[in-house]
Every structure is written in C-alpha cells, then in structure tokens.
file final_23.cif (mmCIF, C-alpha atoms and all ligand atoms)
data_run
loop_
_atom_site.label_atom_id
_atom_site.label_comp_id
_atom_site.auth_asym_id
_atom_site.auth_seq_id
_atom_site.Cartn_x
_atom_site.Cartn_y
_atom_site.Cartn_z
CA MET A 3 2.03 20.19 18.25
CA TYR A 4 1.50 17.65 15.52
CA LEU A 5 -2.28 17.87 15.46
CA THR A 6 -2.21 21.64 14.92
CA GLY A 7 -3.50 22.31 11.42
CA TYR A 8 -4.59 18.69 11.07
CA ASP A 9 -7.89 18.04 9.34
CA ILE A 10 -9.60 16.66 12.42
CA SER A 11 -12.48 15.25 10.38
CA ILE A 12 -10.25 12.25 9.61
CA LEU A 13 -10.19 11.39 13.32
CA ARG A 14 -13.95 10.88 13.24
CA PHE A 15 -15.25 7.45 12.28
CA THR A 16 -17.18 7.05 9.09
CA TRP A 17 -18.53 3.87 7.56
CA GLY A 18 -19.28 1.98 4.39
CA VAL A 19 -21.13 -1.10 3.18
CA ILE A 20 -19.48 -4.15 1.63
CA GLU A 21 -20.71 -4.52 -1.96
CA ASP A 22 -18.51 -7.31 -3.20
CA ILE A 23 -15.89 -9.78 -1.95
CA LEU A 24 -13.09 -11.37 -3.94
CA ASN A 25 -11.20 -14.43 -2.66
CA HIS A 26 -7.59 -14.23 -3.83
CA SER A 27 -6.44 -17.22 -1.77
CA LYS A 28 -7.16 -19.00 1.53
CA SER A 29 -5.53 -16.16 3.43
CA ILE A 30 -6.21 -13.04 1.32
CA LYS A 31 -9.53 -11.43 0.37
CA SER A 32 -10.48 -8.08 -1.15
CA PHE A 33 -13.62 -6.20 -0.08
CA ASN A 34 -15.26 -3.54 -2.23
CA ILE A 35 -16.82 -1.01 0.13
CA ARG A 36 -19.28 1.71 -0.89
CA VAL A 37 -18.26 4.57 1.38
CA ARG A 38 -20.75 6.91 2.95
CA GLU A 39 -18.51 9.97 3.08
CA PRO A 40 -15.98 10.77 0.34
CA ARG A 41 -12.59 11.69 1.79
CA ASP A 42 -9.42 12.42 -0.20
CA LEU A 43 -7.21 9.35 -0.01
CA ASP A 44 -3.89 9.17 -1.84
CA PRO A 45 -2.41 5.81 -2.80
CA GLY A 46 -0.19 4.60 0.02
CA GLN A 47 -2.11 6.40 2.77
CA PHE A 48 -3.88 4.15 5.27
CA ILE A 49 -7.17 3.93 7.11
CA MET A 50 -7.86 2.43 10.54
CA LEU A 51 -10.61 -0.13 9.95
CA TRP A 52 -12.78 -1.04 12.91
CA ILE A 53 -15.32 -3.73 13.54
CA PRO A 54 -17.15 -3.22 16.85
CA GLY A 55 -15.71 -5.43 19.58
CA LEU A 56 -12.35 -5.85 17.86
CA GLU A 57 -9.09 -3.92 17.51
CA GLU A 58 -8.58 -1.38 14.75
CA VAL A 59 -6.49 -2.55 11.81
CA PRO A 60 -4.33 -0.25 9.64
CA LEU A 61 -4.96 -0.94 5.95
CA SER A 62 -3.75 0.79 2.82
CA PRO A 63 -6.54 0.52 0.22
CA SER A 64 -5.86 -1.28 -3.05
CA TYR A 65 -8.29 1.00 -4.92
CA TYR A 66 -10.32 4.13 -4.25
CA ASP A 67 -12.33 6.44 -6.49
CA GLY A 68 -14.04 8.63 -3.88
CA SER A 69 -17.09 6.38 -3.72
CA LEU A 70 -15.81 2.82 -3.88
CA MET A 71 -12.91 1.74 -1.68
CA ARG A 72 -11.27 -1.66 -1.96
CA ILE A 73 -9.34 -3.09 0.96
CA THR A 74 -7.25 -6.23 0.65
CA VAL A 75 -6.87 -8.14 3.88
CA MET A 76 -4.52 -10.98 4.82
CA LYS A 77 -5.48 -13.25 7.73
CA ARG A 78 -2.93 -12.65 10.47
CA GLY A 79 -4.89 -13.04 13.71
CA PRO A 80 -8.33 -12.84 15.34
CA THR A 81 -9.23 -9.39 13.96
CA THR A 82 -8.30 -10.10 10.36
CA GLU A 83 -9.99 -13.52 10.63
CA ALA A 84 -13.15 -11.71 11.73
CA ILE A 85 -12.84 -9.37 8.75
CA HIS A 86 -12.63 -12.43 6.49
CA ARG A 87 -15.98 -13.61 7.91
CA LEU A 88 -17.76 -10.39 6.85
CA ARG A 89 -20.40 -10.69 4.14
CA ILE A 90 -21.87 -8.56 1.40
CA GLY A 91 -24.16 -5.96 3.00
CA ASP A 92 -22.19 -5.76 6.26
CA ARG A 93 -21.06 -2.37 7.52
CA VAL A 94 -17.46 -1.52 8.33
CA PHE A 95 -16.22 1.56 10.17
CA TYR A 96 -12.99 3.45 9.69
CA ARG A 97 -11.15 6.66 10.41
CA GLY A 98 -8.54 8.33 8.27
CA PRO A 99 -6.89 8.48 5.84
CA PHE A 100 -3.61 8.94 7.68
CA GLY A 101 0.04 9.38 6.78
CA ASN A 102 1.83 10.27 3.58
CA GLY A 103 1.17 8.35 0.39
CA PHE A 104 3.00 7.92 -2.91
CA LYS A 105 3.56 11.12 -4.89
CA VAL A 106 3.01 10.44 -8.56
CA SER A 107 2.46 13.87 -10.06
CA ASN A 108 5.95 14.15 -11.60
CA LYS A 109 6.20 13.21 -15.24
CA GLY A 110 8.51 10.28 -15.89
CA ARG A 111 8.82 6.51 -16.11
CA TYR A 112 7.72 4.67 -13.00
CA LEU A 113 8.79 1.24 -11.81
CA LEU A 114 6.14 -0.13 -9.45
CA VAL A 115 7.18 -3.00 -7.19
CA GLY A 116 4.83 -4.97 -4.94
CA GLY A 117 6.19 -7.77 -2.78
CA GLY A 118 3.48 -10.26 -1.77
CA TYR A 119 0.62 -8.62 0.07
CA GLY A 120 2.48 -5.29 -0.31
CA ALA A 121 1.09 -5.11 -3.84
CA SER A 122 -2.14 -3.61 -2.42
CA PRO A 123 -1.17 0.09 -2.34
CA ILE A 124 0.96 -0.40 -5.44
CA ILE A 125 -1.98 -1.37 -7.65
CA TYR A 126 -3.95 1.66 -6.43
CA THR A 127 -0.89 3.76 -7.29
CA ALA A 128 -0.87 2.16 -10.74
CA HIS A 129 -4.43 3.40 -11.33
CA LYS A 130 -3.36 6.94 -10.39
CA ILE A 131 -0.33 6.85 -12.68
CA ARG A 132 -2.54 5.79 -15.58
CA GLU A 133 -4.86 8.71 -14.82
CA TYR A 134 -1.85 11.01 -15.24
CA GLY A 135 -0.95 9.18 -18.46
CA TYR A 136 2.60 8.33 -17.38
CA GLU A 137 4.49 5.22 -18.37
CA ALA A 138 4.95 2.52 -15.78
CA MET A 139 5.93 -1.08 -15.34
CA TYR A 140 4.12 -3.10 -12.68
CA VAL A 141 6.15 -5.88 -11.05
CA GLU A 142 4.76 -8.28 -8.46
CA GLY A 143 7.08 -10.61 -6.58
CA VAL A 144 5.59 -13.63 -4.78
CA LYS A 145 6.64 -17.04 -3.51
CA THR A 146 4.37 -18.99 -5.86
CA GLU A 147 1.80 -18.33 -8.59
CA SER A 148 -1.25 -18.68 -6.33
CA ASP A 149 0.01 -15.76 -4.19
CA ALA A 150 -0.24 -13.29 -7.11
CA LEU A 151 -2.87 -10.60 -6.52
CA PHE A 152 -3.26 -7.93 -9.19
CA ILE A 153 -1.46 -9.13 -12.31
CA ASP A 154 -4.61 -9.18 -14.49
CA GLU A 155 -5.70 -5.78 -13.19
CA ALA A 156 -2.31 -4.25 -14.00
CA LYS A 157 -2.49 -5.70 -17.51
CA SER A 158 -6.00 -4.29 -17.94
CA LEU A 159 -4.57 -0.84 -17.17
CA GLY A 160 -2.27 -1.28 -20.15
CA LEU A 161 0.88 -1.47 -18.02
CA ASP A 162 3.90 -3.59 -18.81
CA THR A 163 3.33 -6.27 -16.20
CA ILE A 164 5.78 -8.80 -14.80
CA LEU A 165 5.20 -11.57 -12.27
CA VAL A 166 8.26 -12.93 -10.47
CA THR A 167 7.84 -16.18 -8.51
CA GLU A 168 10.48 -17.60 -6.21
CA ASP A 169 9.58 -21.18 -7.17
CA GLY A 170 9.26 -20.49 -10.90
CA SER A 171 5.62 -21.65 -11.02
CA SER A 172 4.73 -18.70 -13.27
CA GLY A 173 6.44 -15.71 -14.84
CA ILE A 174 10.11 -15.13 -14.13
CA LYS A 175 11.76 -17.41 -11.57
CA GLY A 176 13.78 -15.79 -8.80
CA LEU A 177 13.78 -12.88 -6.40
CA VAL A 178 11.94 -9.75 -7.43
CA THR A 179 14.92 -7.61 -6.42
CA ASP A 180 17.17 -9.52 -8.85
CA TYR A 181 14.74 -8.73 -11.65
CA ILE A 182 14.53 -5.08 -10.59
CA GLU A 183 18.32 -4.79 -10.73
CA GLU A 184 18.18 -5.79 -14.41
CA VAL A 185 15.70 -3.07 -15.40
CA ILE A 186 16.01 -0.25 -12.85
CA SER A 187 18.30 1.93 -14.95
CA GLU A 188 15.49 2.42 -17.51
CA TYR A 189 13.28 4.25 -14.98
CA ASP A 190 13.10 7.67 -13.32
CA TYR A 191 11.18 6.63 -10.20
CA LEU A 192 10.72 3.44 -8.21
CA LEU A 193 7.76 2.97 -5.87
CA GLY A 194 7.71 -0.10 -3.65
CA CYS A 195 5.84 -1.85 -0.87
CA GLY A 196 6.51 -5.27 0.60
CA PRO A 197 8.69 -7.12 3.10
CA GLU A 198 11.37 -5.14 4.91
CA GLY A 199 14.28 -7.04 3.33
CA MET A 200 12.92 -6.30 -0.13
CA LEU A 201 12.52 -2.60 0.66
CA LEU A 202 16.07 -2.22 1.98
CA LYS A 203 17.44 -3.95 -1.12
CA LEU A 204 15.36 -1.65 -3.35
CA LEU A 205 16.73 1.37 -1.47
CA GLU A 206 20.27 0.14 -2.04
CA LEU A 207 19.58 -0.36 -5.77
CA CYS A 208 18.01 3.09 -6.09
CA ASN A 209 21.01 4.69 -4.42
CA ARG A 210 23.40 2.75 -6.64
CA TYR A 211 21.60 3.56 -9.90
CA GLY A 212 20.55 7.12 -9.02
CA VAL A 213 16.82 6.42 -9.20
CA GLU A 214 14.46 8.35 -6.91
CA CYS A 215 12.41 6.00 -4.80
CA GLN A 216 9.43 6.05 -2.48
CA LEU A 217 9.02 3.02 -0.23
CA SER A 218 6.12 2.09 2.03
CA PHE A 219 7.06 0.56 5.39
CA GLU A 220 4.93 -1.47 7.78
CA ALA A 221 4.91 -1.06 11.56
CA ILE A 222 2.74 -1.70 14.59
CA VAL A 223 0.22 1.11 14.30
CA LYS A 224 -2.04 1.86 17.25
CA CYS A 225 -3.10 5.51 17.44
CA GLY A 226 -2.38 6.31 13.79
CA VAL A 227 -1.69 10.00 14.48
CA GLY A 228 1.82 10.24 15.93
CA ILE A 229 0.99 10.10 19.63
CA CYS A 230 1.71 6.61 21.03
CA GLY A 231 5.15 6.01 19.49
CA SER A 232 4.44 2.36 18.66
CA CYS A 233 5.36 2.70 15.00
CA GLU A 234 8.89 4.13 15.14
CA LEU A 235 11.02 3.13 12.16
CA TYR A 236 14.28 1.43 13.30
CA ASN A 237 14.89 3.78 16.28
CA THR A 238 15.22 6.73 13.88
CA GLY A 239 12.58 8.91 15.53
CA LEU A 240 10.56 8.67 12.31
CA LEU A 241 7.00 7.55 12.92
CA VAL A 242 5.53 5.34 10.21
CA CYS A 243 1.99 6.62 10.84
CA ARG A 244 2.93 10.29 10.76
CA ASP A 245 6.09 10.62 8.64
CA GLY A 246 5.30 7.61 6.41
CA PRO A 247 4.19 5.01 5.70
CA VAL A 248 5.73 6.12 2.40
CA PHE A 249 9.24 7.58 2.75
CA ASP A 250 11.37 8.93 -0.08
CA SER A 251 14.98 7.94 -0.71
CA ARG A 252 16.30 11.28 0.54
CA ILE A 253 14.76 10.78 4.00
CA LEU A 254 15.57 7.06 4.15
CA SER A 255 19.19 7.57 3.19
CA ARG A 256 19.60 10.34 5.75
CA TYR A 257 18.13 8.30 8.60
CA LEU A 258 19.24 4.79 7.64
CA GLY A 259 22.67 5.69 6.27
CA GLY A 260 23.99 4.53 2.91
CA VAL A 261 22.31 1.08 3.22
S1 LIG V 1 0.76 4.54 15.69
FE1 LIG V 1 0.94 5.83 17.41
S2 LIG V 1 2.65 7.05 16.92
FE2 LIG V 1 2.32 5.89 15.12
#
call {"tool": "encode", "arguments": {"input": "final_23.cif", "output": "structure tokens"}}
result
Amino acid sequence: MYLTGYDISILRFTWGVIEDILNHSKSIKSFNIRVREPRDLDPGQFIMLWIPGLEEVPLSPSYYDGSLMRITVMKRGPTTEAIHRLRIGDRVFYRGPFGNGFKVSNKGRYLLVGGGYGASPIIYTAHKIREYGYEAMYVEGVKTESDALFIDEAKSLGLDTILVTEDGSSGIKGLVTDYIEEVISEYDYLLGCGPEGMLLKLLELCNRYGVECQLSFEAIVKCGVGICGSCELYNTGLLVCRDGPVFDSRILSRYLGGV
C-alpha cells in the first residue's frame, strides 16, 4: 500500500506565524511564515495549507530554508481570498510536504522556466541551484509587466534573468516558449512550471532538442496522499499528488506519448 514506509509525521498538522506580507499585484501576495517545526521540503513539493473553517489549499512554496517558508498565493476563490485577508502575526496550519519535487543535484546548465504564477516553485528551485553552484538561466513568462513576480530576486541570485511579456510591456515581447526554443540547445536540463499548454510545448521542445526536463503539473488536489484519485493526470493513472507534481521527461513521454 502506498502509505507503507511513508513518513507519517507529514500527515500531522503543524503551524507557523506570518512574519511579513508582500503584495505582488491585486491578485497575488507572498507570505513569509516562521515555521514551528522544520521539515525537509524540496523545491516543487507542496504543502496543504489550512485555515480553520475553510478548505485546504495545495501550495508549492516559493522559498524555504528550514525556518522561514514563503508561500505565494493567487486569489482564485473564497479560500484564497481569505488567505489574502490574513495579517502579520496570524497563524496558519499545514501538513506535508507531499509529492516529488525538482531534482537539482546533477551538475550541469539549468534552464528554469516559470509561466505566470507557476514561477513560485521555480524561484525556490533557483535558490537551491545557486547553493549547489550550478549555472542557470531564470526565465519568467507573463502576460504583462505587472504580472512579473521574482525577476529582481532571480537577478539578486546572480542568475541570467529574462522576462518575456506577451504584450511587450517589458523585457522580450512574445510567448515564453518561443524564447525557450531559441536558447534550449545551450542547456542540459529544463525545469518548468506554469499553464498546461506551456508545459506540453516545453515537453515537445525538450524531446526535440534532447534536453532532460522536469515539469510541475497542477491538478485538483484533495487528500494529497494518493487516496482519493481527484488529481489524476490526463487519465494516465499517474496521480499528481503522489507521482508528481514534478514529472520527468522519461515518465511524461511514456504516458503522454511523443507529444
Ligand atoms: S489528491 Fe487525492 S489522490 Fe491525489
């Protein structure tokens, strides 16, 4: 059974206190949370955040150092609107981390691609890659300049940093996948998170150019531990919460075909 050998401590709720709040835009905020109990959390893994009286929300932190965890939350409904109303000093509860994150221990050149709000786990991954001392380029693709999230932070890490805007309001004008096609052959690994269409295009590019990729997919996550079946990826039998949310190109190509 799946839970055999599972570290069951991650099923237990823990909590933290909000220390700081950053407003990125009307619909996106980041919360710095001082956590009470350090738990190993790889970039790309997710937690189930809970505010009493509301549903749990799966969130992949945008930073974590064992003591401080940053979550970046987009307003999408009543629960995320309630999270946006939280203040400094409020407590939040969570269980996890769950799932498989990005693996960044191999030496090489990394191309990091965040589409919109999907940049959250990518910037945390960027921090890890810098810890390892590997080379990386950070690329964020958004509709317009005001949607950009972590461009300054990526620059402060010393990464080559590119912003791609669909309307040309800042950086390079166009689709992020068009830009990636121009540079992908210079890299050993591509790590991506963002809208489904972007991810499938990135998978196709990685297959075409022979670049190993790891892509983080979103799904409706309820239990978070592979029991309810709500998060199946495209009728493949793969569960985003258990087998992902980060999948490598070998698995994706086997289950999704040549794309
Ligand atoms: S959320 Fe229940 S199986 Fe994935």
call {"tool": "residues_around", "arguments": {"input": "final_23.cif", "residues": "Gly55 (chain A)", "least_positions_apart": "2", "cutoff": "12 Å", "atoms": "only C-alpha atoms", "output": "PyMOL selection string"}}
result
chain A and resi 52-53+57-58+80-81+84-85+95
call {"tool": "closest_residue", "arguments": {"input": "final_23.cif", "among": "A:Tyr191, A:Gly226, A:Asp42, A:Gly116", "to": "Gly212 (chain A)", "atoms": "all atoms listed in the file"}}
result
A:Tyr191
call {"tool": "atom_distance", "arguments": {"input": "final_23.cif", "atom1": "CA of Ile23 (chain A)", "atom2": "CA of Ile35 (chain A)"}}
result
9.1 Å
call {"tool": "residues_near_ligand", "arguments": {"input": "final_23.cif", "ligand": "ligand LIG 1 (chain V)", "cutoff": "12 Å", "atoms": "only C-alpha atoms and all ligand atoms", "output": "ChimeraX atom specification"}}
result
/A:4-5,48-50,58-60,100-101,220-235,239-247
call {"tool": "write_last_selection", "arguments": {"input": "final_23.cif", "atoms": "C-alpha atoms", "output": "tab-separated table (two decimals), keeping the file's coordinate frame"}}
result
chain	number	residue	atom	x	y	z
A	4	TYR	CA	1.50	17.65	15.52
A	5	LEU	CA	-2.28	17.87	15.46
A	48	PHE	CA	-3.88	4.15	5.27
A	49	ILE	CA	-7.17	3.93	7.11
A	50	MET	CA	-7.86	2.43	10.54
A	58	GLU	CA	-8.58	-1.38	14.75
A	59	VAL	CA	-6.49	-2.55	11.81
A	60	PRO	CA	-4.33	-0.25	9.64
A	100	PHE	CA	-3.61	8.94	7.68
A	101	GLY	CA	0.04	9.38	6.78
A	220	GLU	CA	4.93	-1.47	7.78
A	221	ALA	CA	4.91	-1.06	11.56
A	222	ILE	CA	2.74	-1.70	14.59
A	223	VAL	CA	0.22	1.11	14.30
A	224	LYS	CA	-2.04	1.86	17.25
A	225	CYS	CA	-3.10	5.51	17.44
A	226	GLY	CA	-2.38	6.31	13.79
A	227	VAL	CA	-1.69	10.00	14.48
A	228	GLY	CA	1.82	10.24	15.93
A	229	ILE	CA	0.99	10.10	19.63
A	230	CYS	CA	1.71	6.61	21.03
A	231	GLY	CA	5.15	6.01	19.49
A	232	SER	CA	4.44	2.36	18.66
A	233	CYS	CA	5.36	2.70	15.00
A	234	GLU	CA	8.89	4.13	15.14
A	235	LEU	CA	11.02	3.13	12.16
A	239	GLY	CA	12.58	8.91	15.53
A	240	LEU	CA	10.56	8.67	12.31
A	241	LEU	CA	7.00	7.55	12.92
A	242	VAL	CA	5.53	5.34	10.21
A	243	CYS	CA	1.99	6.62	10.84
A	244	ARG	CA	2.93	10.29	10.76
A	245	ASP	CA	6.09	10.62	8.64
A	246	GLY	CA	5.30	7.61	6.41
A	247	PRO	CA	4.19	5.01	5.70
call {"tool": "atom_distance", "arguments": {"input": "final_23.cif", "atom1": "CA of Gln216 (chain A)", "atom2": "CA of Glu39 (chain A)"}}
result
28.8 Å
call {"tool": "closest_residue", "arguments": {"input": "final_23.cif", "among": "A:Val185, A:Arg97, A:Val248, A:Leu258", "to": "Glu206 (chain A)", "atoms": "all atoms listed in the file"}}
result
A:Leu258
call {"tool": "atom_distance", "arguments": {"input": "final_23.cif", "atom1": "CA of Gly46 (chain A)", "atom2": "CA of Ser62 (chain A)"}}
result
5.9 Å
call {"tool": "residues_near_point", "arguments": {"input": "final_23.cif", "point": "(12.4, 4.2, -13.3)", "cutoff": "8 Å", "atoms": "all atoms listed in the file", "output": "MDAnalysis selection string"}}
result
chainID A and resid 110:113 186:192 213:214
call {"tool": "closest_residue", "arguments": {"input": "final_23.cif", "among": "A:Arg72, A:Arg210, A:His26, A:Arg93", "to": "Arg38 (chain A)", "atoms": "all atoms listed in the file"}}
result
A:Arg93
call {"tool": "closest_residue", "arguments": {"input": "final_23.cif", "among": "A:Leu177, A:Ile253, A:Cys195, A:Met71", "to": "Tyr140 (chain A)", "atoms": "all atoms listed in the file"}}
result
A:Cys195
call {"tool": "residues_around", "arguments": {"input": "final_23.cif", "residues": "region 120-127 of chain A", "least_positions_apart": "5", "cutoff": "10 Å", "atoms": "only C-alpha atoms", "output": "JSON, numbers by chain"}}
result
{"A": [32, 44, 45, 46, 47, 48, 61, 62, 63, 64, 65, 66, 67, 72, 73, 74, 75, 103, 104, 105, 106, 114, 115, 132, 133, 140, 141, 142, 143, 144, 150, 151, 152, 153, 155, 156, 159, 193, 194, 195, 196, 197, 218, 219, 220]}
call {"tool": "write_last_selection", "arguments": {"input": "final_23.cif", "atoms": "C-alpha atoms", "output": "compact mmCIF listing (two decimals), keeping the file's coordinate frame"}}
result
# COMPACT_ATOMS: atom_id res chain seq x y z
CA SER A 32 -10.48 -8.08 -1.15
CA ASP A 44 -3.89 9.17 -1.84
CA PRO A 45 -2.41 5.81 -2.80
CA GLY A 46 -0.19 4.60 0.02
CA GLN A 47 -2.11 6.40 2.77
CA PHE A 48 -3.88 4.15 5.27
CA LEU A 61 -4.96 -0.94 5.95
CA SER A 62 -3.75 0.79 2.82
CA PRO A 63 -6.54 0.52 0.22
CA SER A 64 -5.86 -1.28 -3.05
CA TYR A 65 -8.29 1.00 -4.92
CA TYR A 66 -10.32 4.13 -4.25
CA ASP A 67 -12.33 6.44 -6.49
CA ARG A 72 -11.27 -1.66 -1.96
CA ILE A 73 -9.34 -3.09 0.96
CA THR A 74 -7.25 -6.23 0.65
CA VAL A 75 -6.87 -8.14 3.88
CA GLY A 103 1.17 8.35 0.39
CA PHE A 104 3.00 7.92 -2.91
CA LYS A 105 3.56 11.12 -4.89
CA VAL A 106 3.01 10.44 -8.56
CA LEU A 114 6.14 -0.13 -9.45
CA VAL A 115 7.18 -3.00 -7.19
CA ARG A 132 -2.54 5.79 -15.58
CA GLU A 133 -4.86 8.71 -14.82
CA TYR A 140 4.12 -3.10 -12.68
CA VAL A 141 6.15 -5.88 -11.05
CA GLU A 142 4.76 -8.28 -8.46
CA GLY A 143 7.08 -10.61 -6.58
CA VAL A 144 5.59 -13.63 -4.78
CA ALA A 150 -0.24 -13.29 -7.11
CA LEU A 151 -2.87 -10.60 -6.52
CA PHE A 152 -3.26 -7.93 -9.19
CA ILE A 153 -1.46 -9.13 -12.31
CA GLU A 155 -5.70 -5.78 -13.19
CA ALA A 156 -2.31 -4.25 -14.00
CA LEU A 159 -4.57 -0.84 -17.17
CA LEU A 193 7.76 2.97 -5.87
CA GLY A 194 7.71 -0.10 -3.65
CA CYS A 195 5.84 -1.85 -0.87
CA GLY A 196 6.51 -5.27 0.60
CA PRO A 197 8.69 -7.12 3.10
CA SER A 218 6.12 2.09 2.03
CA PHE A 219 7.06 0.56 5.39
CA GLU A 220 4.93 -1.47 7.78
call {"tool": "closest_residue", "arguments": {"input": "final_23.cif", "among": "A:Ala128, A:Leu207, A:Ile90, A:Met139", "to": "Ile164 (chain A)", "atoms": "all atoms listed in the file"}}
result
A:Met139
call {"tool": "residues_around", "arguments": {"input": "final_23.cif", "residues": "Lys203 (chain A)", "least_positions_apart": "2", "cutoff": "10 Å", "atoms": "all atoms listed in the file", "output": "MDAnalysis selection string"}}
result
chainID A and resid 179:180 182:183 198:201 205:209 261
call {"tool": "closest_residue", "arguments": {"input": "final_23.cif", "among": "A:Ser69, A:Ser171, A:Asn237, A:Thr82", "to": "Thr146 (chain A)", "atoms": "only C-alpha atoms"}}
result
A:Ser171
call {"tool": "decode", "arguments": {"input": "final_23.cif", "residues": "region 150-162 of chain A", "atoms": "N, CA and C atoms", "output": "PDB file, in the first residue's frame"}}
result
ATOM      1  N   ALA A 150       4.766  40.131 -13.395  1.00  0.00           N
ATOM      2  CA  ALA A 150       6.066  39.513 -13.076  1.00  0.00           C
ATOM      3  C   ALA A 150       6.221  39.385 -11.563  1.00  0.00           C
ATOM      4  N   LEU A 151       6.826  38.284 -11.110  1.00  0.00           N
ATOM      5  CA  LEU A 151       6.882  38.006  -9.670  1.00  0.00           C
ATOM      6  C   LEU A 151       8.293  38.070  -9.084  1.00  0.00           C
ATOM      7  N   PHE A 152       9.240  37.357  -9.665  1.00  0.00           N
ATOM      8  CA  PHE A 152      10.517  37.153  -8.968  1.00  0.00           C
ATOM      9  C   PHE A 152      11.736  37.552  -9.810  1.00  0.00           C
ATOM     10  N   ILE A 153      11.539  38.471 -10.726  1.00  0.00           N
ATOM     11  CA  ILE A 153      12.645  38.869 -11.602  1.00  0.00           C
ATOM     12  C   ILE A 153      13.803  39.467 -10.790  1.00  0.00           C
ATOM     13  N   ASP A 154      13.500  40.397  -9.884  1.00  0.00           N
ATOM     14  CA  ASP A 154      14.575  41.030  -9.098  1.00  0.00           C
ATOM     15  C   ASP A 154      15.275  40.005  -8.210  1.00  0.00           C
ATOM     16  N   GLU A 155      14.504  39.089  -7.656  1.00  0.00           N
ATOM     17  CA  GLU A 155      15.092  38.067  -6.777  1.00  0.00           C
ATOM     18  C   GLU A 155      16.035  37.153  -7.566  1.00  0.00           C
ATOM     19  N   ALA A 156      15.629  36.787  -8.767  1.00  0.00           N
ATOM     20  CA  ALA A 156      16.492  35.935  -9.599  1.00  0.00           C
ATOM     21  C   ALA A 156      17.783  36.673  -9.940  1.00  0.00           C
ATOM     22  N   LYS A 157      17.663  37.968 -10.247  1.00  0.00           N
ATOM     23  CA  LYS A 157      18.873  38.759 -10.543  1.00  0.00           C
ATOM     24  C   LYS A 157      19.776  38.815  -9.319  1.00  0.00           C
ATOM     25  N   SER A 158      19.168  38.966  -8.136  1.00  0.00           N
ATOM     26  CA  SER A 158      19.974  39.074  -6.914  1.00  0.00           C
ATOM     27  C   SER A 158      20.719  37.772  -6.619  1.00  0.00           C
ATOM     28  N   LEU A 159      20.240  36.660  -7.186  1.00  0.00           N
ATOM     29  CA  LEU A 159      20.943  35.383  -7.029  1.00  0.00           C
ATOM     30  C   LEU A 159      22.099  35.254  -8.019  1.00  0.00           C
ATOM     31  N   GLY A 160      22.223  36.253  -8.882  1.00  0.00           N
ATOM     32  CA  GLY A 160      23.309  36.232  -9.862  1.00  0.00           C
ATOM     33  C   GLY A 160      22.985  35.395 -11.085  1.00  0.00           C
ATOM     34  N   LEU A 161      21.705  35.104 -11.299  1.00  0.00           N
ATOM     35  CA  LEU A 161      21.316  34.292 -12.459  1.00  0.00           C
ATOM     36  C   LEU A 161      21.106  35.171 -13.680  1.00  0.00           C
ATOM     37  N   ASP A 162      21.424  34.632 -14.860  1.00  0.00           N
ATOM     38  CA  ASP A 162      20.947  35.283 -16.079  1.00  0.00           C
ATOM     39  C   ASP A 162      19.427  35.271 -15.977  1.00  0.00           C
TER      40      ASP A 162
END
